[in-house]
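Student: I'm passing along input.csv; it holds CSV, C-alpha atoms.
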```csv
chain,number,residue,atom,x,y,z
L,1,MET,CA,0.0,0.0,0.0
L,2,LYS,CA,2.8,2.4,1.0
L,3,LYS,CA,4.6,1.6,-2.3
L,4,THR,CA,1.5,2.3,-4.3
L,5,LEU,CA,1.0,5.6,-2.5
L,6,THR,CA,4.6,6.5,-3.3
L,7,LYS,CA,4.1,5.8,-7.0
L,8,ILE,CA,0.8,7.8,-7.1
L,9,GLY,CA,2.5,10.6,-5.2
L,10,ALA,CA,5.4,10.6,-7.7
L,11,LEU,CA,2.9,10.8,-10.6
L,12,ALA,CA,0.9,13.6,-8.8
L,13,ILE,CA,4.1,15.6,-8.3
L,14,ILE,CA,5.0,15.4,-11.9
L,15,VAL,CA,1.5,16.3,-13.0
L,16,PHE,CA,1.3,19.3,-10.6
L,17,ALA,CA,4.7,20.4,-11.7
L,18,LEU,CA,3.4,20.6,-15.2
L,19,THR,CA,0.0,22.1,-14.4
L,20,SER,CA,0.3,24.7,-17.1
L,21,CYS,CA,1.0,23.6,-20.7
L,22,TYR,CA,1.2,27.3,-21.7
L,23,PRO,CA,3.8,28.9,-19.4
L,24,GLY,CA,4.9,32.5,-19.7
L,25,GLY,CA,2.9,34.7,-22.0
L,26,ALA,CA,1.9,38.4,-21.9
L,27,GLU,CA,1.9,39.8,-18.3
L,28,TYR,CA,1.3,43.5,-18.9
L,29,THR,CA,-1.0,45.4,-21.3
L,30,THR,CA,2.1,46.7,-23.1
L,31,ASP,CA,3.1,43.1,-23.8
L,32,THR,CA,0.1,42.9,-26.1
L,33,ASP,CA,1.0,45.9,-28.3
L,34,LEU,CA,1.2,45.1,-32.0
L,35,ILE,CA,2.4,47.4,-34.8
L,36,VAL,CA,1.4,46.5,-38.3
L,37,THR,CA,2.2,48.4,-41.5
L,38,ASN,CA,1.5,47.7,-45.1
L,39,TYR,CA,2.1,49.6,-48.3
L,40,ASP,CA,1.5,49.7,-52.1
L,41,GLU,CA,4.8,48.5,-53.6
L,42,GLU,CA,4.0,50.3,-56.9
L,43,TYR,CA,3.6,53.7,-55.3
L,44,ASP,CA,6.5,56.1,-55.5
L,45,PHE,CA,6.8,57.8,-52.1
L,46,ASN,CA,9.7,59.9,-53.4
L,47,THR,CA,7.1,62.1,-55.1
L,48,VAL,CA,5.4,63.0,-51.8
L,49,GLN,CA,6.3,66.4,-50.4
L,50,THR,CA,3.1,67.6,-48.8
L,51,TYR,CA,0.3,65.9,-46.8
L,52,TYR,CA,-3.0,66.7,-45.3
L,53,LEU,CA,-3.8,65.2,-41.9
L,54,SER,CA,-7.3,65.8,-40.5
L,55,GLU,CA,-7.6,66.9,-36.9
L,56,ASN,CA,-10.7,64.8,-36.7
L,57,ILE,CA,-10.4,61.1,-35.8
L,58,TYR,CA,-13.2,58.8,-36.6
L,59,HIS,CA,-14.2,56.7,-33.5
L,60,ILE,CA,-15.7,53.2,-33.5
L,61,ALA,CA,-16.9,51.9,-30.2
L,62,GLU,CA,-19.8,49.9,-28.8
L,63,GLY,CA,-20.4,52.4,-26.0
L,64,ASP,CA,-18.8,55.5,-24.7
L,65,THR,CA,-15.4,56.3,-26.1
L,66,THR,CA,-12.8,58.8,-25.1
L,67,THR,CA,-11.3,61.4,-27.4
L,68,LYS,CA,-8.7,62.7,-25.0
L,69,PHE,CA,-5.9,61.1,-26.9
L,70,ASP,CA,-7.0,62.4,-30.3
L,71,ASN,CA,-4.8,65.5,-30.3
L,72,PHE,CA,-1.9,63.5,-29.0
L,73,ILE,CA,-2.2,60.9,-31.8
L,74,ILE,CA,-2.4,63.6,-34.5
L,75,ASP,CA,0.6,65.4,-33.0
L,76,LYS,CA,2.7,62.3,-33.0
L,77,LEU,CA,1.8,61.4,-36.5
L,78,ALA,CA,2.6,64.9,-37.6
L,79,GLU,CA,5.9,64.8,-35.9
L,80,ASN,CA,6.9,61.6,-37.7
L,81,PHE,CA,5.7,62.9,-41.1
L,82,SER,CA,7.7,66.1,-40.5
L,83,ALA,CA,10.7,64.0,-39.8
L,84,LEU,CA,10.4,62.6,-43.3
L,85,GLY,CA,10.6,66.2,-44.6
L,86,TRP,CA,7.0,66.3,-45.6
L,87,GLU,CA,5.1,69.6,-45.2
L,88,ARG,CA,1.7,69.5,-43.6
L,89,ILE,CA,-1.0,71.3,-45.5
L,90,ASP,CA,-3.7,73.1,-43.7
L,91,SER,CA,-7.4,72.5,-44.6
L,92,THR,CA,-7.7,76.2,-45.5
L,93,SER,CA,-4.8,76.0,-47.9
L,94,MET,CA,-5.5,76.3,-51.6
L,95,VAL,CA,-2.7,73.9,-52.3
L,96,GLU,CA,-3.7,70.3,-53.0
L,97,PRO,CA,-1.7,67.9,-50.9
L,98,ASP,CA,0.2,65.0,-52.4
L,99,VAL,CA,-1.3,62.6,-50.0
L,100,ASP,CA,-4.1,62.6,-47.4
L,101,VAL,CA,-4.1,60.8,-44.1
L,102,VAL,CA,-7.2,59.7,-42.2
L,103,VAL,CA,-7.2,58.2,-38.8
L,104,THR,CA,-9.6,55.8,-37.1
L,105,VAL,CA,-9.7,54.7,-33.4
L,106,ALA,CA,-11.6,51.6,-32.5
L,107,GLU,CA,-12.4,50.2,-29.1
L,108,ILE,CA,-13.7,46.7,-29.0
L,109,THR,CA,-14.7,44.7,-26.0
L,110,ASN,CA,-14.2,40.9,-26.1
L,111,TYR,CA,-15.9,38.5,-23.8
L,112,ASN,CA,-14.6,35.2,-22.6
L,113,VAL,CA,-16.6,32.5,-20.9
L,114,TYR,CA,-14.4,30.3,-18.7
L,115,SER,CA,-15.6,27.0,-17.2
L,116,TYR,CA,-13.7,25.1,-14.6
L,117,PRO,CA,-14.0,21.6,-13.3
L,118,TRP,CA,-14.5,20.8,-9.6
L,119,TYR,CA,-11.1,19.2,-9.3
L,120,GLY,CA,-9.3,22.5,-9.8
L,121,GLY,CA,-5.6,22.6,-10.1
L,122,TRP,CA,-5.1,20.0,-12.8
L,123,GLY,CA,-4.9,22.6,-15.5
L,124,TRP,CA,-7.9,21.6,-17.5
L,125,TYR,CA,-9.9,24.6,-18.4
L,126,TRP,CA,-11.6,26.4,-21.2
L,127,LYS,CA,-10.1,29.5,-22.7
L,128,SER,CA,-10.9,31.5,-25.7
L,129,SER,CA,-8.9,34.0,-27.6
L,130,ASN,CA,-10.4,37.1,-29.1
L,131,ASP,CA,-10.0,36.0,-32.7
L,132,PHE,CA,-12.6,34.1,-34.5
L,133,ASN,CA,-11.2,30.7,-33.5
L,134,TYR,CA,-12.3,29.2,-30.3
L,135,TYR,CA,-9.7,27.0,-28.7
L,136,PRO,CA,-11.0,24.7,-26.0
L,137,TYR,CA,-8.6,23.2,-23.6
L,138,TYR,CA,-10.4,20.3,-22.2
L,139,GLY,CA,-9.8,17.3,-20.0
L,140,TRP,CA,-9.9,13.7,-20.8
L,141,GLY,CA,-13.6,13.0,-20.7
L,142,TYR,CA,-14.2,13.6,-17.0
L,143,PRO,CA,-17.8,14.5,-16.2
L,144,TYR,CA,-18.2,18.2,-15.8
L,145,TYR,CA,-19.3,19.5,-12.4
L,146,GLY,CA,-17.7,22.9,-12.4
L,147,GLY,CA,-18.8,26.4,-12.7
L,148,SER,CA,-18.2,29.2,-15.1
L,149,TYR,CA,-17.5,32.9,-15.1
L,150,VAL,CA,-17.2,35.6,-17.7
L,151,THR,CA,-14.4,38.1,-18.2
L,152,SER,CA,-14.0,40.8,-20.6
L,153,TYR,CA,-11.2,42.9,-22.0
L,154,THR,CA,-11.1,45.9,-24.3
L,155,THR,CA,-8.6,46.3,-27.1
L,156,GLY,CA,-7.8,49.6,-28.8
L,157,THR,CA,-6.7,50.1,-32.3
L,158,ILE,CA,-5.4,53.2,-34.0
L,159,HIS,CA,-5.5,52.8,-37.7
L,160,TRP,CA,-4.4,55.3,-40.3
L,161,ARG,CA,-4.5,55.2,-44.0
L,162,LEU,CA,-2.5,57.3,-46.4
L,163,PHE,CA,-3.7,57.8,-49.9
L,164,ASP,CA,-3.0,59.8,-53.0
L,165,PRO,CA,-6.1,61.9,-53.9
L,166,ASP,CA,-5.1,61.5,-57.6
L,167,ASN,CA,-5.0,57.7,-57.3
L,168,VAL,CA,-8.6,56.9,-57.1
L,169,ASN,CA,-11.1,55.0,-59.2
L,170,GLU,CA,-14.0,57.4,-59.4
L,171,ASP,CA,-16.2,55.0,-61.5
L,172,GLU,CA,-16.0,52.3,-58.9
L,173,GLU,CA,-15.5,54.7,-56.0
L,174,ILE,CA,-12.3,53.1,-54.8
L,175,VAL,CA,-9.6,54.9,-53.0
L,176,TYR,CA,-6.3,53.1,-53.3
L,177,VAL,CA,-4.3,53.1,-50.0
L,178,SER,CA,-0.6,53.7,-50.5
L,179,TRP,CA,0.4,53.1,-46.9
L,180,GLU,CA,-1.4,52.1,-43.8
L,181,GLY,CA,-0.6,51.3,-40.3
L,182,ALA,CA,-2.2,50.1,-37.1
L,183,LEU,CA,-1.4,49.9,-33.4
L,184,ASN,CA,-3.4,47.3,-31.5
L,185,GLY,CA,-3.3,46.2,-27.9
L,186,LEU,CA,-5.1,45.9,-24.6
L,187,LEU,CA,-6.3,49.2,-23.3
L,188,GLY,CA,-4.4,50.4,-20.2
L,189,THR,CA,-5.6,52.4,-17.3
L,190,THR,CA,-3.2,55.4,-17.0
L,191,SER,CA,-2.9,58.3,-19.5
L,192,SER,CA,0.9,58.5,-19.2
L,193,THR,CA,1.3,54.8,-20.1
L,194,THR,CA,-1.2,55.1,-23.0
L,195,GLU,CA,0.7,58.1,-24.3
L,196,ASP,CA,4.0,56.2,-24.1
L,197,ARG,CA,2.5,53.3,-25.9
L,198,ILE,CA,1.1,55.5,-28.7
L,199,THR,CA,4.5,57.3,-29.0
L,200,THR,CA,6.5,54.0,-29.1
L,201,GLY,CA,4.0,52.4,-31.5
L,202,LEU,CA,3.8,55.3,-34.0
L,203,ASN,CA,7.6,55.7,-34.0
L,204,GLN,CA,8.0,52.0,-34.6
L,205,ALA,CA,5.5,52.2,-37.5
L,206,PHE,CA,7.6,54.8,-39.3
L,207,LYS,CA,10.8,53.1,-38.4
L,208,GLN,CA,9.7,49.8,-40.0
L,209,SER,CA,8.5,51.7,-43.1
L,210,PRO,CA,11.8,52.9,-44.6
L,211,TYR,CA,10.2,53.1,-48.1
L,212,LEU,CA,8.5,56.3,-47.1
L,213,SER,CA,11.8,58.2,-47.3
L,214,GLU,CA,13.7,56.1,-49.8
Y,1,MET,CA,-5.9,6.9,-34.5
Y,2,LYS,CA,-8.0,6.3,-31.4
Y,3,TYR,CA,-7.5,2.5,-31.7
Y,4,ILE,CA,-3.7,3.0,-31.9
Y,5,ILE,CA,-3.7,5.2,-28.8
Y,6,THR,CA,-6.0,2.8,-27.0
Y,7,THR,CA,-3.7,-0.1,-27.9
Y,8,ILE,CA,-0.6,1.7,-26.7
Y,9,LEU,CA,-2.2,2.7,-23.5
Y,10,ALA,CA,-3.5,-0.8,-22.9
Y,11,ILE,CA,-0.1,-2.3,-23.4
Y,12,SER,CA,1.5,0.2,-21.1
Y,13,LEU,CA,-1.0,-0.1,-18.4
Y,14,SER,CA,-1.1,-3.9,-18.5
Y,15,PHE,CA,2.6,-4.0,-17.9
Y,16,ALA,CA,2.2,-1.5,-15.2
Y,17,ALA,CA,-0.5,-3.5,-13.5
Y,18,TYR,CA,1.5,-6.7,-13.5
Y,19,SER,CA,4.9,-6.0,-12.2
Y,20,GLN,CA,6.2,-9.6,-12.7
Y,21,SER,CA,8.8,-9.6,-15.4
Y,22,SER,CA,8.0,-6.0,-16.2
Y,23,ILE,CA,9.3,-2.5,-15.6
Y,24,TYR,CA,7.4,0.7,-15.5
Y,25,SER,CA,8.9,4.1,-14.9
Y,26,MET,CA,8.1,7.7,-14.3
Y,27,ASN,CA,10.6,10.3,-15.4
Y,28,TYR,CA,11.2,14.0,-15.5
Y,29,THR,CA,12.1,14.8,-19.0
Y,30,MET,CA,14.0,17.7,-20.5
Y,31,GLY,CA,13.7,18.6,-24.2
Y,32,PHE,CA,16.2,20.1,-26.6
Y,33,ALA,CA,14.9,21.2,-29.9
Y,34,ALA,CA,16.8,19.9,-33.0
Y,35,GLY,CA,16.7,20.4,-36.8
Y,36,ASP,CA,14.1,22.9,-38.3
Y,37,MET,CA,12.2,23.0,-35.0
Y,38,THR,CA,14.9,25.3,-33.7
Y,39,GLU,CA,13.8,28.0,-36.1
Y,40,TYR,CA,10.5,28.2,-34.2
Y,41,ILE,CA,11.7,27.4,-30.7
Y,42,GLY,CA,15.4,27.1,-29.9
Y,43,SER,CA,15.0,27.1,-26.1
Y,44,ALA,CA,15.4,24.0,-24.1
Y,45,SER,CA,12.3,22.6,-22.4
Y,46,PHE,CA,12.4,21.9,-18.7
Y,47,ARG,CA,8.7,20.9,-18.5
Y,48,GLY,CA,8.1,17.3,-19.4
Y,49,PHE,CA,7.5,13.9,-18.1
Y,50,THR,CA,7.6,10.4,-19.5
Y,51,PHE,CA,5.6,7.4,-18.4
Y,52,GLU,CA,6.7,4.0,-19.7
Y,53,GLY,CA,5.7,0.4,-19.3
Y,54,ARG,CA,7.8,-2.5,-20.5
Y,55,GLY,CA,7.4,-6.2,-20.4
Y,56,PHE,CA,10.1,-8.9,-20.8
Y,57,VAL,CA,9.6,-11.2,-23.7
Y,58,LYS,CA,13.1,-12.6,-23.3
Y,59,ASP,CA,15.7,-12.2,-20.6
Y,60,ASN,CA,17.1,-9.1,-22.2
Y,61,VAL,CA,14.3,-7.9,-24.5
Y,62,THR,CA,11.3,-5.9,-23.6
Y,63,VAL,CA,8.3,-4.5,-25.5
Y,64,GLY,CA,6.0,-1.9,-24.2
Y,65,GLY,CA,4.6,1.6,-24.5
Y,66,LEU,CA,5.5,5.2,-23.8
Y,67,PHE,CA,3.6,8.4,-23.1
Y,68,THR,CA,5.4,11.7,-23.0
Y,69,TRP,CA,4.3,15.3,-22.4
Y,70,GLN,CA,6.8,17.9,-23.4
Y,71,THR,CA,6.2,21.6,-23.4
Y,72,PHE,CA,8.5,24.0,-25.3
Y,73,TYR,CA,8.2,27.7,-24.9
Y,74,GLU,CA,10.0,30.7,-26.3
Y,75,GLU,CA,9.4,34.4,-26.0
Y,76,GLN,CA,10.4,36.9,-28.7
Y,77,ARG,CA,10.1,40.4,-27.5
Y,78,GLY,CA,9.6,43.3,-29.9
Y,79,ALA,CA,10.6,41.3,-32.9
Y,80,THR,CA,9.8,42.6,-36.4
Y,81,TYR,CA,8.7,40.3,-39.2
Y,82,THR,CA,8.2,41.2,-42.8
Y,83,GLU,CA,6.2,39.2,-45.3
Y,84,ASN,CA,6.1,40.9,-48.7
Y,85,SER,CA,4.8,44.4,-48.1
Y,86,LEU,CA,3.4,43.7,-44.6
Y,87,THR,CA,5.5,44.3,-41.6
Y,88,LEU,CA,4.6,43.4,-38.0
Y,89,THR,CA,6.2,44.2,-34.7
Y,90,GLY,CA,5.3,42.8,-31.4
Y,91,ASN,CA,6.0,40.3,-28.7
Y,92,GLN,CA,5.5,36.7,-29.7
Y,93,TYR,CA,4.9,33.8,-27.3
Y,94,ARG,CA,5.5,30.5,-28.9
Y,95,TYR,CA,4.5,27.1,-27.6
Y,96,ILE,CA,4.8,23.6,-28.6
Y,97,ASN,CA,3.1,20.9,-26.6
Y,98,ALA,CA,4.2,17.5,-27.8
Y,99,PHE,CA,2.6,14.2,-26.8
Y,100,PRO,CA,4.4,11.2,-28.2
Y,101,MET,CA,2.5,7.9,-27.7
Y,102,LEU,CA,4.7,5.0,-28.8
Y,103,VAL,CA,5.0,1.3,-28.9
Y,104,GLN,CA,8.6,0.4,-28.3
Y,105,ALA,CA,11.2,-2.4,-27.8
Y,106,HIS,CA,14.5,-2.5,-25.9
Y,107,TYR,CA,17.5,-4.7,-25.8
Y,108,TYR,CA,19.5,-4.9,-22.5
Y,109,LEU,CA,23.2,-5.5,-22.6
Y,110,ASP,CA,23.0,-7.2,-19.2
Y,111,ASP,CA,20.1,-9.3,-18.0
Y,112,ASP,CA,21.0,-9.1,-14.3
Y,113,GLN,CA,18.5,-6.7,-12.7
Y,114,TYR,CA,20.7,-6.1,-9.7
Y,115,SER,CA,23.5,-4.7,-11.8
Y,116,PRO,CA,23.5,-1.5,-13.9
Y,117,ARG,CA,21.8,-2.3,-17.2
Y,118,VAL,CA,22.5,-0.4,-20.3
Y,119,TYR,CA,19.7,-0.6,-22.9
Y,120,LEU,CA,19.2,0.3,-26.5
Y,121,GLY,CA,15.9,0.6,-28.2
Y,122,GLY,CA,13.3,2.7,-29.8
Y,123,GLY,CA,9.7,3.4,-30.4
Y,124,LEU,CA,7.3,4.4,-33.1
Y,125,GLY,CA,3.8,5.6,-33.1
Y,126,ALA,CA,1.6,8.7,-32.8
Y,127,TYR,CA,2.8,12.2,-32.0
Y,128,LYS,CA,0.1,14.8,-31.1
Y,129,ILE,CA,1.7,18.2,-31.5
Y,130,ASN,CA,0.0,21.4,-30.6
Y,131,LYS,CA,1.8,24.5,-31.8
Y,132,ARG,CA,0.5,27.9,-30.6
Y,133,THR,CA,1.7,31.4,-31.4
Y,134,GLU,CA,0.4,34.3,-29.4
Y,135,VAL,CA,1.1,37.8,-30.7
Y,136,GLY,CA,-0.6,40.9,-29.5
Y,137,THR,CA,-4.1,39.9,-28.5
Y,138,TRP,CA,-4.2,37.2,-31.2
Y,139,ALA,CA,-3.5,33.5,-31.1
Y,140,PHE,CA,-2.8,31.1,-33.9
Y,141,GLU,CA,-2.9,27.4,-33.2
Y,142,GLU,CA,-2.1,24.3,-35.1
Y,143,ARG,CA,-3.0,20.9,-33.8
Y,144,GLU,CA,-1.8,17.9,-35.7
Y,145,TRP,CA,-1.2,14.2,-35.5
Y,146,HIS,CA,2.1,13.0,-36.8
Y,147,PHE,CA,3.7,9.6,-37.3
Y,148,GLY,CA,7.1,9.4,-35.6
Y,149,VAL,CA,10.0,7.3,-34.5
Y,150,SER,CA,12.3,7.6,-31.5
Y,151,PRO,CA,15.6,5.7,-30.9
Y,152,GLU,CA,16.8,5.6,-27.4
Y,153,VAL,CA,19.8,4.7,-25.2
Y,154,GLY,CA,19.7,4.5,-21.4
Y,155,ILE,CA,20.8,2.9,-18.3
Y,156,LEU,CA,19.0,1.4,-15.3
Y,157,LEU,CA,20.8,1.7,-12.0
Y,158,PRO,CA,19.5,-0.5,-9.1
Y,159,VAL,CA,18.8,1.3,-5.9
Y,160,SER,CA,16.8,-1.4,-4.1
Y,161,MET,CA,15.3,-4.8,-4.8
Y,162,ASN,CA,12.6,-3.6,-7.0
Y,163,THR,CA,13.5,0.0,-7.7
Y,164,GLN,CA,16.0,1.4,-10.2
Y,165,PHE,CA,17.2,4.8,-11.2
Y,166,ASN,CA,16.6,5.5,-14.9
Y,167,ILE,CA,18.6,7.8,-17.2
Y,168,SER,CA,17.9,7.9,-20.9
Y,169,MET,CA,18.4,10.0,-23.9
Y,170,ARG,CA,16.1,9.6,-26.9
Y,171,TYR,CA,15.7,11.4,-30.2
Y,172,HIS,CA,12.2,12.2,-31.3
Y,173,TYR,CA,11.3,12.7,-34.9
Y,174,ALA,CA,7.8,13.4,-35.9
Y,175,VAL,CA,7.4,13.4,-39.7
Y,176,LYS,CA,5.8,16.3,-41.5
Y,177,THR,CA,2.1,16.2,-42.5
Y,178,ASN,CA,0.2,18.0,-45.1
Y,179,ASN,CA,-0.5,20.9,-42.7
Y,180,ALA,CA,2.5,20.9,-40.4
Y,181,PRO,CA,6.3,20.7,-40.6
Y,182,ALA,CA,8.4,17.9,-39.1
Y,183,TYR,CA,9.5,18.3,-35.5
Y,184,SER,CA,12.5,16.8,-33.8
Y,185,TRP,CA,14.1,17.1,-30.4
Y,186,PHE,CA,16.2,15.2,-27.9
Y,187,GLY,CA,14.7,14.1,-24.7
Y,188,LEU,CA,16.8,13.5,-21.6
Y,189,SER,CA,14.9,11.6,-18.9
Y,190,VAL,CA,15.7,10.9,-15.3
Y,191,GLY,CA,13.4,9.0,-13.0
Y,192,PHE,CA,12.6,5.8,-11.2
Y,193,ALA,CA,11.7,2.5,-12.6
Y,194,TRP,CA,9.8,-0.2,-10.7
Y,195,GLY,CA,9.3,-3.9,-11.3
Y,196,ASP,CA,11.0,-7.3,-11.1
```
Would you write the structure of this file as structure tokens?

Tutor:
Amino acid sequence: MKKTLTKIGALAIIVFALTSCYPGGAEYTTDTDLIVTNYDEEYDFNTVQTYYLSENIYHIAEGDTTTKFDNFIIDKLAENFSALGWERIDSTSMVEPDVDVVVTVAEITNYNVYSYPWYGGWGWYWKSSNDFNYYPYYGWGYPYYGGSYVTSYTTGTIHWRLFDPDNVNEDEEIVYVSWEGALNGLLGTTSSTTEDRITTGLNQAFKQSPYLSE
Amino acid sequence: MKYIITTILAISLSFAAYSQSSIYSMNYTMGFAAGDMTEYIGSASFRGFTFEGRGFVKDNVTVGGLFTWQTFYEEQRGATYTENSLTLTGNQYRYINAFPMLVQAHYYLDDDQYSPRVYLGGGLGAYKINKRTEVGTWAFEEREWHFGVSPEVGILLPVSMNTQFNISMRYHYAVKTNNAPAYSWFGLSVGFAWGD
């Protein structure tokens, strides 16, 4: 009996030592930041000398949304465009800009439903990611006697598109985007952190787009 | 596939249940990625265990089964990736959970169970490999069954009448499928073996 218990104990120690099959991962909201850029490889950015950047940001949100970072976002974008040597054209100017830039901010709340078995601690649980796939992490056919709870998190996305007003298909009403970028991540709680993340993200977006100045 | 797994588990558990002329072992297993797998995760894995059951069919030959769970993990912070005109920067959290389930055979250079016994052998069977990449708030996952083989060398060191200390090194190779690449790694196991 003692020998059997020793063996069961050894197995239990191993299993508990390996409770999580997904160690590590993101710990802070900043760990979730993602910077994506894309561009039209046929477009010649060398021809760009002026740009128009609207002061108005289009917001997409399910409920209330904050506009307190709008000016900050516009200023940081303008700083980076200026660093390229591009001149910002005012909306009252009679000069037509070479390119226009429009910015959208989206806040999307994602909901997860977690279920847990009564024998907690074995690491069998359900978890969903916020993409369209649903990844169940389930046990080995044990009957389910657990409970469940719901969590939510909100992601924020700053998305900008740069286009040439002369490069449009008026018949089909298509505006061809020459360059676009997006910052995406979990929303934080402090303004200073959010501003730091916006600054870092926008700077990185321009840094990883060397074709803008080549 | 379910029948193969059931057969392997039944063989393993039957040897475990009847300790006469059999050995079963529980091991802590470390994993070291090899081949093309290192391009995805190069870090060593210190999360793994192996459970084995072996039955003697001759004085120095066993057949049996094996189940391993090995978790590989690697974090890439602020890495930039470019695919054609698309460039992406962010932290990536990469995971591979590998579950080899093998039938195997071993040859023992010495048939005296009270002396250190070096053994050579190997297994073949099913590898369930779950590969998951988390980037930003997104996750991409690939879950595939592979066929694979695993040669092994090890030694059993007696510590009491029915208990031995086990050390082994094995190479796992899971062949590629239509949807997933091949995976290969070395597994170093240390643990205890019981049986007559």

Student: What's the 9 Å shell around Glu144 of chain Y, counting only C-alpha atoms, without same-chain residues fewer than 4 positions away, as a list in words?

Tutor: Tyr127, Lys128, Ile129, Asn130, Lys131, Thr177, Asn179 and Ala180 of chain Y

Student: Which residue gives the smallest distance to chain L among Y:Trp69, Y:Tyr107, Y:Trp145, Y:Phe186, with all atoms listed in the file counted?

Tutor: Y:Trp69

Student: Please, what distance in Å, to one decimal, runs between atom CA of Asp75 of chain L and atom CA of Ile198 of chain L?

Tutor: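 Atom-to-atom, atom CA of Asp75 of chain L and atom CA of Ile198 of chain L are spaced 10.8 Å apart.
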
Student: Just the number, please: distance in Å from atom CA of Ser25 of chain Y to atom CA of Tyr173 of chain Y, one decimal.

Tutor: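 Computed distance, atom CA of Ser25 of chain Y to atom CA of Tyr173 of chain Y, equals 21.9 Å.
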
Student: Which residues are close to segment 33-44 of chain L, i.e. within 6 Å by all atoms listed in the file, leaving aside same-chain residues fewer than 6 positions away? Reply as a count of residues only.

Tutor: 15

Student: For atom CA of Val118 of chain Y and atom CA of Gln164 of chain Y, determine how far apart the two atoms are, in Å to one decimal place.

Tutor: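 Between atom CA of Val118 of chain Y and atom CA of Gln164 of chain Y the gap is 12.1 Å.
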
Student: Tell me which of Y:Ser43, Y:Thr137, Y:Ser22, Y:Thr68 sits closest to chain L, counting all atoms listed in the file.

Tutor: Y:Thr137

Student: Show which residues sit within 6 Å of Tyr24 of chain Y, as a ChimeraX atom specification. Count all atoms listed in the file, and ignore same-chain residues fewer than 2 positions away.

Tutor: /Y:16,52-54,193-194

Student: Need to verify the contact set: Leu102 of chain Y, 7 Å, all atoms listed in the file, exclusion of same-chain residues closer than 5 positions in sequence. Can you return it as a ChimeraX atom specification?

Tutor: /Y:8,65-67,123-126

Student: May I have the selected residues written with C-alpha atoms, as a PDB file, in the coordinates of the input?

Tutor:
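result08.pdb, written as the output of this step:
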```
ATOM      1  CA  ILE Y   8      -0.600   1.700 -26.700  1.00  0.00           C
ATOM      2  CA  GLY Y  65       4.600   1.600 -24.500  1.00  0.00           C
ATOM      3  CA  LEU Y  66       5.500   5.200 -23.800  1.00  0.00           C
ATOM      4  CA  PHE Y  67       3.600   8.400 -23.100  1.00  0.00           C
ATOM      5  CA  GLY Y 123       9.700   3.400 -30.400  1.00  0.00           C
ATOM      6  CA  LEU Y 124       7.300   4.400 -33.100  1.00  0.00           C
ATOM      7  CA  GLY Y 125       3.800   5.600 -33.100  1.00  0.00           C
ATOM      8  CA  ALA Y 126       1.600   8.700 -32.800  1.00  0.00           C
TER       9      ALA Y 126
END
```
